[in-house]
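Asks: Structure file model37.tsv (TSV, C-alpha atoms) is given on the next line.
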```
chain	number	residue	atom	x	y	z
A	1	MET	CA	0.00	0.00	0.00
A	2	GLU	CA	2.88	2.40	0.79
A	3	SER	CA	4.14	2.19	-2.80
A	4	LEU	CA	0.76	3.06	-4.30
A	5	PRO	CA	-0.11	6.61	-5.40
A	6	ASP	CA	-2.40	8.59	-3.09
A	7	ALA	CA	-5.24	8.51	-5.61
A	8	VAL	CA	-5.17	4.68	-5.72
A	9	VAL	CA	-5.09	4.40	-1.92
A	10	GLN	CA	-8.03	6.78	-1.67
A	11	ASP	CA	-9.97	4.78	-4.23
A	12	ILE	CA	-9.34	1.47	-2.42
A	13	LEU	CA	-10.21	2.80	1.04
A	14	SER	CA	-13.29	4.56	-0.30
A	15	LEU	CA	-14.83	1.12	-0.82
A	16	MET	CA	-15.11	0.62	2.95
A	17	SER	CA	-18.40	1.34	4.66
A	18	ASN	CA	-18.43	-0.28	8.12
A	19	ALA	CA	-17.94	2.50	10.66
A	20	ARG	CA	-15.86	0.27	12.96
A	21	ASP	CA	-13.42	-0.47	10.12
A	22	VAL	CA	-13.25	3.19	9.20
A	23	ALA	CA	-12.38	4.12	12.79
A	24	SER	CA	-9.60	1.49	12.81
A	25	CYS	CA	-8.14	2.79	9.54
A	26	ASN	CA	-7.93	6.28	11.00
A	27	SER	CA	-5.38	4.94	13.48
A	28	VAL	CA	-3.13	3.17	10.95
A	29	SER	CA	-1.34	6.18	9.47
A	30	LYS	CA	-1.79	9.82	8.56
A	31	ARG	CA	-1.96	8.81	4.87
A	32	TRP	CA	-4.87	6.45	5.56
A	33	LYS	CA	-6.59	8.99	7.76
A	34	ASP	CA	-6.32	11.58	5.01
A	35	SER	CA	-8.12	9.17	2.67
A	36	MET	CA	-11.22	8.88	4.88
A	37	PRO	CA	-12.94	12.02	3.51
A	38	TYR	CA	-13.28	10.21	0.18
A	39	LEU	CA	-15.56	7.49	1.56
A	40	ARG	CA	-18.82	7.05	-0.32
A	41	SER	CA	-20.73	4.95	2.23
A	42	LEU	CA	-21.04	4.62	6.02
A	43	PHE	CA	-22.72	1.77	7.90
A	44	PHE	CA	-23.42	1.82	11.65
A	45	SER	CA	-24.44	-1.61	12.97
A	46	ARG	CA	-27.00	-2.21	15.69
A	47	ASN	CA	-24.57	-2.70	18.59
A	48	ILE	CA	-21.64	-0.58	17.46
A	49	PHE	CA	-21.97	1.84	20.39
A	50	ASP	CA	-22.74	-0.65	23.15
A	51	ASN	CA	-19.42	0.06	24.91
A	52	LEU	CA	-19.13	3.78	24.27
A	53	THR	CA	-16.90	5.64	26.76
A	54	ASN	CA	-15.60	9.16	27.51
A	55	GLY	CA	-19.11	10.59	27.70
A	56	ASP	CA	-19.59	10.30	23.95
A	57	THR	CA	-23.05	9.72	22.47
A	58	PRO	CA	-23.98	7.82	19.31
A	59	ASP	CA	-25.35	11.04	17.80
A	60	ALA	CA	-22.02	12.83	18.32
A	61	VAL	CA	-19.86	9.98	16.96
A	62	VAL	CA	-21.99	9.59	13.84
A	63	MET	CA	-21.93	13.36	13.35
A	64	ARG	CA	-18.11	13.47	13.48
A	65	MET	CA	-17.76	10.71	10.93
A	66	VAL	CA	-20.44	12.00	8.59
A	67	SER	CA	-19.11	15.56	8.64
A	68	SER	CA	-15.57	14.34	7.86
A	69	VAL	CA	-16.67	12.89	4.51
A	70	ILE	CA	-16.62	15.25	1.55
A	71	LYS	CA	-19.40	13.65	-0.49
A	72	LEU	CA	-21.26	10.88	1.32
A	73	GLU	CA	-23.61	8.98	-1.00
A	74	GLU	CA	-24.94	6.23	1.28
A	75	LEU	CA	-25.77	6.23	5.00
A	76	VAL	CA	-27.07	3.16	6.85
A	77	VAL	CA	-27.85	3.52	10.57
A	78	TYR	CA	-29.15	0.58	12.60
A	79	CYS	CA	-27.95	1.84	16.00
A	80	PRO	CA	-30.21	3.97	18.26
A	81	PHE	CA	-30.24	7.70	17.56
A	82	SER	CA	-32.34	10.80	18.25
A	83	SER	CA	-34.29	13.00	15.88
A	84	SER	CA	-31.99	15.94	16.66
A	85	GLY	CA	-28.99	13.78	15.78
A	86	LEU	CA	-30.55	12.74	12.48
A	87	ALA	CA	-31.41	16.34	11.66
A	88	ALA	CA	-27.78	17.37	12.23
A	89	TRP	CA	-26.35	14.56	10.05
A	90	LEU	CA	-28.68	15.23	7.16
A	91	SER	CA	-28.17	18.97	7.28
A	92	THR	CA	-24.46	18.26	6.74
A	93	THR	CA	-24.65	15.61	4.04
A	94	GLY	CA	-28.22	15.70	2.75
A	95	SER	CA	-27.46	17.23	-0.62
A	96	SER	CA	-25.04	14.46	-1.69
A	97	LEU	CA	-26.88	11.53	-0.10
A	98	LYS	CA	-28.42	9.08	-2.60
A	99	ASN	CA	-29.20	6.07	-0.41
A	100	LEU	CA	-30.52	6.30	3.15
A	101	GLU	CA	-31.46	3.36	5.38
A	102	LEU	CA	-32.62	3.93	8.96
A	103	ARG	CA	-33.79	1.68	11.75
A	104	LEU	CA	-36.18	4.10	13.42
A	105	ASP	CA	-37.51	1.72	16.10
A	106	ASN	CA	-40.28	4.17	17.01
A	107	ILE	CA	-43.25	1.91	16.27
A	108	THR	CA	-43.78	1.34	20.02
A	109	GLU	CA	-42.19	4.47	21.47
A	110	HIS	CA	-44.46	6.56	23.68
A	111	ASP	CA	-42.55	9.81	23.18
A	112	THR	CA	-42.61	9.73	19.38
A	113	TYR	CA	-45.22	12.48	19.14
A	114	SER	CA	-43.14	14.81	21.38
A	115	GLU	CA	-40.11	14.73	19.08
A	116	VAL	CA	-39.90	18.00	17.18
A	117	PRO	CA	-39.09	17.57	14.42
A	118	SER	CA	-39.88	13.86	14.20
A	119	LYS	CA	-37.36	11.44	12.69
A	120	LEU	CA	-39.60	11.08	9.63
A	121	ASP	CA	-39.80	14.85	9.19
A	122	CYS	CA	-36.00	15.14	9.32
A	123	ILE	CA	-35.63	13.00	6.20
A	124	ARG	CA	-36.80	15.88	3.99
A	125	ALA	CA	-33.30	17.38	4.32
A	126	ALA	CA	-32.00	14.53	2.12
A	127	TRP	CA	-33.83	15.92	-0.90
A	128	ASN	CA	-31.53	14.23	-3.43
A	129	LEU	CA	-32.33	10.66	-2.35
A	130	GLU	CA	-32.72	7.85	-4.89
A	131	SER	CA	-33.43	5.07	-2.36
A	132	LEU	CA	-35.02	5.25	1.11
A	133	LYS	CA	-35.37	2.25	3.44
A	134	LEU	CA	-37.05	2.54	6.84
A	135	TRP	CA	-37.44	-0.07	9.59
A	136	GLY	CA	-39.77	0.09	12.60
A	137	VAL	CA	-41.87	3.05	11.47
A	138	LEU	CA	-44.76	4.80	13.20
A	139	MET	CA	-46.53	6.93	10.60
A	140	VAL	CA	-49.93	7.95	11.91
A	141	PHE	CA	-49.47	11.57	10.84
A	142	SER	CA	-48.34	12.68	7.41
A	143	PRO	CA	-44.57	13.26	7.31
A	144	LYS	CA	-43.58	16.82	6.53
A	145	TRP	CA	-41.74	15.97	3.34
A	146	ASP	CA	-41.09	18.08	0.31
A	147	VAL	CA	-41.12	16.32	-3.05
A	148	PHE	CA	-38.36	13.71	-3.57
A	149	HIS	CA	-38.07	14.04	-7.34
A	150	ARG	CA	-35.15	11.60	-7.63
A	151	LEU	CA	-36.48	8.91	-5.31
A	152	ARG	CA	-36.97	5.64	-7.19
A	153	ASN	CA	-37.00	3.05	-4.39
A	154	LEU	CA	-39.02	3.21	-1.15
A	155	GLU	CA	-39.02	0.37	1.38
A	156	ILE	CA	-40.87	0.40	4.71
A	157	VAL	CA	-40.55	-2.69	6.90
A	158	GLY	CA	-42.41	-3.28	10.17
A	159	ALA	CA	-44.69	-0.25	10.40
A	160	ARG	CA	-47.89	1.08	11.91
A	161	LEU	CA	-49.48	3.34	9.34
A	162	GLU	CA	-52.61	5.38	8.76
A	163	ASP	CA	-54.23	5.58	5.33
A	164	ASP	CA	-53.85	9.34	4.85
A	165	ALA	CA	-50.27	9.41	6.15
A	166	LEU	CA	-49.19	6.72	3.69
A	167	SER	CA	-50.99	8.42	0.81
A	168	ASP	CA	-49.23	11.72	1.53
A	169	ALA	CA	-45.85	9.97	1.83
A	170	LEU	CA	-46.33	8.27	-1.56
A	171	ARG	CA	-47.48	11.54	-3.08
A	172	ALA	CA	-44.14	13.06	-2.07
A	173	CYS	CA	-42.39	10.38	-4.16
A	174	PRO	CA	-43.97	10.90	-7.61
A	175	ASN	CA	-41.28	9.06	-9.59
A	176	LEU	CA	-41.11	5.81	-7.63
A	177	THR	CA	-40.35	2.68	-9.65
A	178	HIS	CA	-39.97	0.25	-6.71
A	179	LEU	CA	-42.21	0.11	-3.63
A	180	LEU	CA	-42.04	-2.37	-0.75
A	181	LEU	CA	-44.34	-2.24	2.29
A	182	LEU	CA	-43.64	-5.27	4.46
A	183	GLY	CA	-45.33	-6.17	7.75
A	184	CYS	CA	-47.45	-3.00	7.82
A	185	GLU	CA	-50.51	-2.73	10.06
A	186	GLY	CA	-53.31	-0.23	10.64
A	187	LEU	CA	-54.28	0.26	6.98
A	188	ARG	CA	-57.84	-0.11	5.65
A	189	TYR	CA	-57.95	1.72	2.31
A	190	VAL	CA	-54.73	1.98	0.32
A	191	SER	CA	-54.53	3.99	-2.89
A	192	ILE	CA	-51.27	4.02	-4.86
A	193	GLN	CA	-51.06	6.57	-7.66
A	194	ASN	CA	-47.45	6.54	-8.79
A	195	PRO	CA	-47.42	6.46	-12.60
A	196	ASN	CA	-43.85	5.12	-12.97
A	197	LEU	CA	-44.21	2.23	-10.53
A	198	GLU	CA	-42.78	-1.04	-11.92
A	199	GLN	CA	-42.14	-3.33	-8.92
A	200	CYS	CA	-44.60	-3.40	-6.01
A	201	LYS	CA	-44.65	-5.73	-2.99
A	202	LEU	CA	-47.28	-5.14	-0.30
A	203	ASP	CA	-47.68	-7.16	2.91
A	204	PHE	CA	-50.44	-5.87	5.19
A	205	PHE	CA	-50.58	-7.33	8.68
A	206	GLY	CA	-53.93	-7.78	10.43
A	207	VAL	CA	-57.29	-9.43	9.79
A	208	GLY	CA	-56.94	-9.35	6.01
A	209	ASN	CA	-59.68	-6.84	5.20
A	210	CYS	CA	-57.64	-4.12	3.51
A	211	SER	CA	-58.84	-2.58	0.22
A	212	LEU	CA	-56.23	-1.77	-2.41
A	213	THR	CA	-56.40	0.42	-5.51
A	214	ILE	CA	-53.43	0.94	-7.83
A	215	HIS	CA	-53.26	3.43	-10.69
A	216	SER	CA	-50.08	2.70	-12.63
A	217	SER	CA	-49.84	1.40	-16.17
A	218	LYS	CA	-46.16	0.43	-15.88
A	219	VAL	CA	-46.40	-2.19	-13.12
A	220	GLU	CA	-44.50	-5.32	-14.12
A	221	SER	CA	-44.49	-7.24	-10.83
A	222	LEU	CA	-47.14	-7.07	-8.09
A	223	GLU	CA	-47.23	-9.06	-4.84
A	224	VAL	CA	-50.11	-8.47	-2.42
A	225	GLN	CA	-50.75	-10.08	0.96
A	226	GLY	CA	-53.64	-9.24	3.31
A	227	CYS	CA	-56.19	-7.56	1.01
A	228	SER	CA	-59.82	-8.54	0.50
A	229	LEU	CA	-60.57	-6.11	-2.35
A	230	ILE	CA	-58.02	-5.41	-5.08
A	231	LYS	CA	-58.42	-3.12	-8.07
A	232	VAL	CA	-55.70	-2.34	-10.62
A	233	ASP	CA	-56.98	-0.33	-13.57
A	234	GLU	CA	-54.29	-0.65	-16.22
A	235	THR	CA	-52.05	-3.71	-16.48
A	236	PRO	CA	-50.52	-3.88	-19.98
A	237	CYS	CA	-47.04	-4.55	-18.58
A	238	LEU	CA	-47.90	-6.85	-15.66
A	239	LYS	CA	-45.81	-10.04	-15.95
A	240	ASN	CA	-45.78	-11.43	-12.40
A	241	LEU	CA	-48.80	-11.34	-10.08
A	242	SER	CA	-49.12	-12.86	-6.61
A	243	ILE	CA	-52.21	-12.46	-4.40
A	244	ALA	CA	-52.47	-14.02	-0.95
A	245	ASN	CA	-54.64	-13.57	2.12
A	246	ASN	CA	-53.75	-15.85	5.02
A	247	ALA	CA	-55.93	-14.12	7.62
A	248	GLY	CA	-59.11	-13.04	5.80
A	249	ARG	CA	-61.10	-13.61	2.61
A	250	VAL	CA	-60.59	-12.33	-0.91
A	251	TYR	CA	-63.94	-10.99	-2.11
A	252	MET	CA	-63.11	-9.12	-5.29
A	253	VAL	CA	-60.28	-8.75	-7.78
A	254	GLU	CA	-60.47	-6.36	-10.70
A	255	PHE	CA	-57.70	-5.91	-13.24
A	256	GLY	CA	-57.26	-4.57	-16.71
A	257	LYS	CA	-56.33	-6.93	-19.53
A	258	LEU	CA	-53.50	-9.21	-18.41
A	259	VAL	CA	-52.01	-9.61	-21.87
A	260	ALA	CA	-48.39	-9.78	-20.62
A	261	LEU	CA	-48.97	-11.98	-17.58
A	262	GLU	CA	-46.52	-14.87	-17.32
A	263	THR	CA	-46.70	-15.93	-13.66
A	264	LEU	CA	-49.78	-16.03	-11.42
A	265	SER	CA	-49.89	-17.15	-7.79
A	266	ILE	CA	-53.15	-17.10	-5.81
A	267	ARG	CA	-53.17	-18.31	-2.21
A	268	GLY	CA	-55.28	-18.13	0.91
A	269	VAL	CA	-57.71	-19.93	3.18
A	270	GLN	CA	-60.89	-18.66	1.49
A	271	TRP	CA	-61.64	-16.85	-1.75
A	272	CYS	CA	-65.02	-15.94	-3.15
A	273	TRP	CA	-65.55	-18.17	-6.20
A	274	GLN	CA	-66.24	-15.14	-8.36
A	275	ALA	CA	-62.78	-13.80	-7.51
A	276	ILE	CA	-61.13	-17.13	-8.39
A	277	SER	CA	-63.10	-17.44	-11.63
A	278	THR	CA	-62.28	-13.85	-12.60
A	279	MET	CA	-58.55	-14.38	-12.07
A	280	LEU	CA	-58.50	-17.60	-14.10
A	281	GLN	CA	-60.42	-15.99	-16.95
A	282	MET	CA	-58.19	-12.91	-17.07
A	283	ALA	CA	-55.02	-15.02	-16.90
A	284	SER	CA	-55.66	-16.92	-20.12
A	285	GLU	CA	-52.11	-16.17	-21.37
A	286	VAL	CA	-50.36	-17.23	-18.15
A	287	LYS	CA	-47.34	-19.56	-18.38
A	288	HIS	CA	-46.79	-20.39	-14.70
A	289	LEU	CA	-49.78	-20.91	-12.38
A	290	TYR	CA	-49.64	-21.60	-8.63
A	291	MET	CA	-52.92	-22.20	-6.76
A	292	LYS	CA	-53.23	-22.90	-3.04
A	293	ILE	CA	-56.71	-21.91	-1.90
A	294	GLU	CA	-58.44	-24.11	0.66
A	295	PHE	CA	-62.09	-23.07	0.35
A	296	THR	CA	-64.52	-20.89	-1.52
A	297	GLY	CA	-67.88	-19.55	-0.32
A	298	GLU	CA	-69.29	-16.31	1.06
A	299	ALA	CA	-68.90	-14.95	4.61
A	300	GLU	CA	-68.41	-17.75	7.15
A	301	ASN	CA	-69.50	-20.55	4.81
A	302	LEU	CA	-66.47	-22.63	3.85
A	303	LEU	CA	-67.37	-24.48	0.67
A	304	PRO	CA	-65.44	-26.76	-1.71
A	305	PHE	CA	-64.70	-25.64	-5.25
A	306	PRO	CA	-67.38	-26.28	-7.86
A	307	GLU	CA	-66.58	-28.70	-10.66
A	308	ILE	CA	-63.99	-27.50	-13.16
A	309	ASP	CA	-63.88	-29.12	-16.58
A	310	PHE	CA	-60.41	-30.52	-17.26
A	311	VAL	CA	-60.48	-29.99	-21.03
A	312	GLU	CA	-62.04	-26.54	-20.85
A	313	PHE	CA	-59.50	-25.39	-18.26
A	314	PHE	CA	-56.45	-26.33	-20.33
A	315	ASN	CA	-58.02	-25.08	-23.57
A	316	SER	CA	-58.50	-21.74	-21.82
A	317	HIS	CA	-54.83	-21.64	-20.76
A	318	PRO	CA	-52.96	-22.88	-23.86
A	319	LYS	CA	-49.59	-21.38	-22.90
A	320	LEU	CA	-49.41	-23.00	-19.45
A	321	GLN	CA	-45.93	-24.43	-18.83
A	322	THR	CA	-45.88	-24.88	-15.03
A	323	PHE	CA	-48.93	-25.85	-12.99
A	324	ASP	CA	-48.73	-26.10	-9.17
A	325	ILE	CA	-52.11	-27.28	-7.95
A	326	HIS	CA	-53.18	-27.74	-4.31
A	327	GLY	CA	-55.89	-29.86	-2.66
A	328	ALA	CA	-59.16	-28.02	-3.40
A	329	MET	CA	-58.38	-27.11	-7.00
A	330	PHE	CA	-57.10	-30.61	-7.73
A	331	ALA	CA	-60.30	-32.09	-6.29
A	332	ALA	CA	-62.41	-29.71	-8.43
A	333	ILE	CA	-60.68	-30.69	-11.64
A	334	CYS	CA	-61.07	-34.41	-10.82
A	335	GLN	CA	-64.87	-34.56	-10.99
A	336	LYS	CA	-66.49	-37.55	-12.72
A	337	ASN	CA	-67.76	-35.70	-15.77
A	338	SER	CA	-64.56	-33.77	-16.39
A	339	LEU	CA	-62.94	-36.50	-18.48
A	340	LYS	CA	-66.05	-38.28	-19.71
A	341	TYR	CA	-65.95	-36.97	-23.28
A	342	VAL	CA	-62.50	-35.95	-24.47
A	343	ASP	CA	-61.87	-35.15	-28.12
A	344	SER	CA	-59.09	-37.33	-29.49
A	345	ARG	CA	-57.41	-34.20	-30.87
A	346	PHE	CA	-57.18	-32.60	-27.42
A	347	GLN	CA	-53.67	-31.72	-26.25
A	348	ILE	CA	-52.01	-29.71	-23.52
A	349	PRO	CA	-49.32	-28.29	-25.80
A	350	CYS	CA	-46.92	-26.37	-23.55
A	351	LEU	CA	-47.17	-28.02	-20.12
A	352	GLU	CA	-43.73	-29.12	-18.91
A	353	LYS	CA	-43.96	-29.27	-15.10
A	354	VAL	CA	-46.80	-30.21	-12.75
A	355	VAL	CA	-46.82	-30.20	-8.94
A	356	VAL	CA	-49.90	-31.81	-7.36
A	357	THR	CA	-50.58	-31.66	-3.61
A	358	VAL	CA	-52.94	-34.40	-2.40
A	359	ARG	CA	-54.54	-34.23	1.03
A	360	SER	CA	-57.46	-36.65	0.88
A	361	PRO	CA	-58.14	-40.17	-0.47
A	362	LEU	CA	-61.70	-39.19	-1.41
A	363	ASN	CA	-62.58	-39.75	-5.08
A	364	ALA	CA	-59.34	-41.67	-5.51
A	365	GLU	CA	-60.41	-43.15	-8.84
A	366	GLN	CA	-61.11	-39.74	-10.38
A	367	LYS	CA	-57.86	-38.35	-9.05
A	368	MET	CA	-55.84	-41.17	-10.56
A	369	SER	CA	-57.68	-40.68	-13.85
A	370	THR	CA	-56.74	-36.98	-13.82
A	371	LEU	CA	-53.08	-37.76	-13.14
A	372	ASP	CA	-53.11	-40.25	-15.97
A	373	SER	CA	-54.72	-37.69	-18.30
A	374	LEU	CA	-52.00	-35.15	-17.53
A	375	ILE	CA	-49.40	-37.68	-18.64
A	376	ARG	CA	-51.42	-38.70	-21.69
A	377	TYR	CA	-52.34	-35.28	-23.10
A	378	ALA	CA	-49.32	-33.19	-22.04
A	379	LYS	CA	-46.88	-34.54	-24.62
A	380	ASN	CA	-44.09	-32.20	-23.51
A	381	LEU	CA	-44.40	-32.96	-19.78
A	382	LYS	CA	-40.93	-33.38	-18.28
A	383	LYS	CA	-41.65	-33.58	-14.55
A	384	MET	CA	-44.61	-34.35	-12.30
A	385	THR	CA	-44.25	-34.13	-8.53
A	386	ILE	CA	-46.99	-35.58	-6.32
A	387	LYS	CA	-46.90	-34.24	-2.76
A	388	ILE	CA	-48.73	-36.25	-0.10
A	389	LEU	CA	-49.61	-33.72	2.61
A	390	GLN	CA	-51.07	-34.75	5.99
A	391	MET	CA	-53.36	-37.37	4.45
A	392	LYS	CA	-55.06	-38.97	7.44
A	393	SER	CA	-57.74	-41.62	7.34
A	394	SER	CA	-58.67	-44.52	9.59
A	395	HIS	CA	-60.10	-46.27	6.55
A	396	SER	CA	-58.04	-48.53	4.30
A	397	SER	CA	-58.82	-46.21	1.35
A	398	ALA	CA	-55.87	-43.99	2.27
A	399	ASP	CA	-53.45	-46.93	2.03
A	400	GLU	CA	-55.02	-48.12	-1.22
A	401	PHE	CA	-54.84	-44.63	-2.71
A	402	PHE	CA	-51.19	-44.33	-1.74
A	403	GLU	CA	-50.48	-47.73	-3.33
A	404	ASP	CA	-52.18	-46.51	-6.53
A	405	ILE	CA	-49.96	-43.42	-6.55
A	406	CYS	CA	-46.85	-45.54	-6.02
A	407	ARG	CA	-47.89	-47.80	-8.87
A	408	PHE	CA	-48.52	-44.76	-11.07
A	409	ARG	CA	-45.12	-43.41	-10.18
A	410	TYR	CA	-43.46	-46.72	-11.08
A	411	MET	CA	-45.22	-46.84	-14.47
A	412	ASN	CA	-44.05	-43.29	-15.24
A	413	ARG	CA	-40.81	-43.22	-13.27
A	414	LYS	CA	-38.97	-41.04	-15.80
A	415	ILE	CA	-41.40	-38.20	-15.14
A	416	VAL	CA	-43.18	-38.78	-11.82
A	417	SER	CA	-41.76	-38.42	-8.29
A	418	ILE	CA	-43.42	-38.55	-4.86
A	419	GLU	CA	-42.76	-36.29	-1.88
```
Can the structure from this file be put into structure tokens for me?
Replies:
Amino acid sequence: MESLPDAVVQDILSLMSNARDVASCNSVSKRWKDSMPYLRSLFFSRNIFDNLTNGDTPDAVVMRMVSSVIKLEELVVYCPFSSSGLAAWLSTTGSSLKNLELRLDNITEHDTYSEVPSKLDCIRAAWNLESLKLWGVLMVFSPKWDVFHRLRNLEIVGARLEDDALSDALRACPNLTHLLLLGCEGLRYVSIQNPNLEQCKLDFFGVGNCSLTIHSSKVESLEVQGCSLIKVDETPCLKNLSIANNAGRVYMVEFGKLVALETLSIRGVQWCWQAISTMLQMASEVKHLYMKIEFTGEAENLLPFPEIDFVEFFNSHPKLQTFDIHGAMFAAICQKNSLKYVDSRFQIPCLEKVVVTVRSPLNAEQKMSTLDSLIRYAKNLKKMTIKILQMKSSHSSADEFFEDICRFRYMNRKIVSIE
């Protein structure tokens, strides 16, 4: 290192980010210490100040390091800090900062409302941000943000939010392309109106009764958990769609034409049949389909799926390459009449991989017939996995059904496997 030019040393050391390593380098030599102002990133871990001495505070140490850097582009702070400390750091480096990640930890704090300005309000000083990640957020009042014109990525993990506060925060980020809200509670009606949004992942914690509306014609990937009503007006670019509700019911889904959809995953304990039917009809061009819904029915009535015609289903989804089918849907497609009259010209042209989860020995004959039909009509099928999940029965039918599956697997051992 001593033989290298100063510019090269500065460039090498500028790749460091861990604050503990930076502090150690300051003690190596004057040459190394003089290179520290050229750092581009600083990271303060959760426990970095656990053994702080000499009356120093985390706020003061972070301030000294931040202010010593000429043009800091990324700041990640997981250790505890105050709103006044954050305000001081950002007033020093806010104009150059592109990426900011903060562990706020104020979701359960009782004195959050007394902080003036709040930690959230302080973030407006970093007006040049391109990415903002927040952990442990309490946002019941709208943050006093100006417009973040350059912000493309917003991630909020573990938060208690109010509808209006979230709407105002999103409105301050008009050019977002990536949005992640993970483990968020307190929301009832969510409206997202960011025209440039491309990637969106939403996980709402609670009883699963949140309503979601999205106005963005550029969305390519959408993952939603915890909503009962979902409406997305324009979806010409949507390629990947995942909808789940593990706590409540999905009553309604409304999308534009899903002409670009390649992957669809729908999961949950209970969906209204109209919502399931709507999704399957709109996803006629889908290539990869994953279904794990236990029941249909309205309100408290848990009902099995109605009969689904095997031939009609695959004719309606001609591009299907991967099909992961769980209990209720598999039972629905195995009804007696489904394979009664099959045109000899019928084929499943693109299907290459099937995963079938079996939970009950009921209607074993029809289920075996359906498995056999998948092999027979899907000429390009390369792999079929049959998962036996918690199949319990005191009757011998369970053993007989399992023997039938094992025999089926042996007859088609190049394609079929059992888990």
Asks: Within 9 Å of Ser41 of chain A, counting all atoms listed in the file, which residues qualify if same-chain residues fewer than 2 places away don't, as a tab-separated table (two decimals) with C-alpha atoms, in the coordinates of the input?
Replies:
```tsv
chain	number	residue	atom	x	y	z
A	14	SER	CA	-13.29	4.56	-0.30
A	15	LEU	CA	-14.83	1.12	-0.82
A	16	MET	CA	-15.11	0.62	2.95
A	17	SER	CA	-18.40	1.34	4.66
A	18	ASN	CA	-18.43	-0.28	8.12
A	39	LEU	CA	-15.56	7.49	1.56
A	43	PHE	CA	-22.72	1.77	7.90
A	72	LEU	CA	-21.26	10.88	1.32
A	73	GLU	CA	-23.61	8.98	-1.00
A	74	GLU	CA	-24.94	6.23	1.28
A	75	LEU	CA	-25.77	6.23	5.00
A	76	VAL	CA	-27.07	3.16	6.85
A	99	ASN	CA	-29.20	6.07	-0.41
```
Asks: Find the residues near segment 79-96 of chain A: any atom within 8 Å, counting all atoms listed in the file, skip ones fewer than 2 places away on the same chain, and give them as a ChimeraX atom specification.
Replies: /A:44-49,58-60,62-63,66-67,71-73,77,98,103-105,115-119,122-123,125-128
Asks: Counting all atoms listed in the file, which of A:Lys353, A:Arg188, A:Lys133, A:Lys292 gets nearest to Ala328 of chain A?
Replies: A:Lys292
Asks: Between atom CA of Pro195 of chain A and atom CA of Met282 of chain A, what is the spacing in Å?
Replies: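 Rounded to one decimal, the two atoms are 22.6 Å apart.
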Asks: Applying 8 Å and only C-alpha atoms, which residues near Ser131 of chain A remain after dropping the ones on its own chain fewer than 5 positions away? List them as an MDAnalysis selection string.
Replies: chainID A and resid 98:100 151:154
Asks: Between A:His149, A:Arg345, A:Lys218, A:Arg64, single out the one closest to Pro174 of chain A, counting all atoms listed in the file.
Replies: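 For Pro174 of chain A, the nearest of the candidates is A:His149.
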Asks: Let me know the centre plus edge lengths, in Å and rounded to one decimal, of a box with edges along x, y and z that contains all listed atoms of segment 262-269 of chain A and is padded by 6 Å on every side, as AutoDock Vina command-line options.
Replies:
```
--center_x -52.1 --center_y -17.4 --center_z -7.1 --size_x 23.2 --size_y 17.1 --size_z 32.5
```
Asks: Calculated over only C-alpha atoms, which of the candidates A:Ile192, A:Ala159, A:Val358, A:Leu129 has the smallest distance to Asn106 of chain A?
Replies: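 Of A:Ile192, A:Ala159, A:Val358, A:Leu129, the one nearest Asn106 of chain A, counting only C-alpha atoms, is A:Ala159.
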Asks: Counting all atoms listed in the file, which residues of segment 237-280 of chain A fall within 10 Å of segment 306-319 of chain A, and what is the closest atom pair for each with its distance in Å at one decimal, ordered by chain and rising number, as a tab-separated table?
Replies:
```
residue	atom	partner	partner_atom	distance
A:Glu262	CA	A:Lys319	CA	9.1
A:Trp273	CA	A:Pro306	CA	8.5
A:Leu280	CA	A:His317	CA	8.6
```
Asks: Using all atoms listed in the file, which of A:Phe204, A:Tyr290, A:Tyr78, A:Phe346 sits nearest Leu241 of chain A?
Replies: A:Tyr290
Asks: Of the candidates A:Val69, A:Asp21, A:Asn246, A:Asp56, which shows the shortest atom-to-atom distance to Tyr38 of chain A, using only C-alpha atoms?
Replies: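 Nearest candidate to Tyr38 of chain A out of A:Val69, A:Asp21, A:Asn246, A:Asp56: A:Val69.
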Asks: Within 7 Å of (-44.7, -2.0, 3.9), in the coordinates the file gives, what residues turn up when you count only C-alpha atoms, written out as a PyMOL selection string?
Replies: chain A and resi 155-159+180-184+202-203
Asks: For the selection just defined, write its residues with C-alpha atoms to a file, as an mmCIF file, in the coordinates of the input.
Replies:
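Okay, this is what ended up in part.cif:
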```
data_model
loop_
_atom_site.group_PDB
_atom_site.id
_atom_site.type_symbol
_atom_site.label_atom_id
_atom_site.label_comp_id
_atom_site.auth_asym_id
_atom_site.auth_seq_id
_atom_site.Cartn_x
_atom_site.Cartn_y
_atom_site.Cartn_z
ATOM 1 C CA GLU A 155 -39.020 0.370 1.380
ATOM 2 C CA ILE A 156 -40.870 0.400 4.710
ATOM 3 C CA VAL A 157 -40.550 -2.690 6.900
ATOM 4 C CA GLY A 158 -42.410 -3.280 10.170
ATOM 5 C CA ALA A 159 -44.690 -0.250 10.400
ATOM 6 C CA LEU A 180 -42.040 -2.370 -0.750
ATOM 7 C CA LEU A 181 -44.340 -2.240 2.290
ATOM 8 C CA LEU A 182 -43.640 -5.270 4.460
ATOM 9 C CA GLY A 183 -45.330 -6.170 7.750
ATOM 10 C CA CYS A 184 -47.450 -3.000 7.820
ATOM 11 C CA LEU A 202 -47.280 -5.140 -0.300
ATOM 12 C CA ASP A 203 -47.680 -7.160 2.910
#
```
Asks: Which value, in Å to one decimal, gives the distance between atom CA of Lys387 of chain A and atom CA of Val355 of chain A?
Replies: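 Between atom CA of Lys387 of chain A and atom CA of Val355 of chain A the gap is 7.4 Å.
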Asks: Compare A:Ser68, A:Gln347, A:Ser228, A:Ser277 by their minimum atom-to-atom distance to Ala299 of chain A, counting all atoms listed in the file, and give me the closest one.
Replies: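 With all atoms listed in the file as the atom set, the closest residue is A:Ser228.
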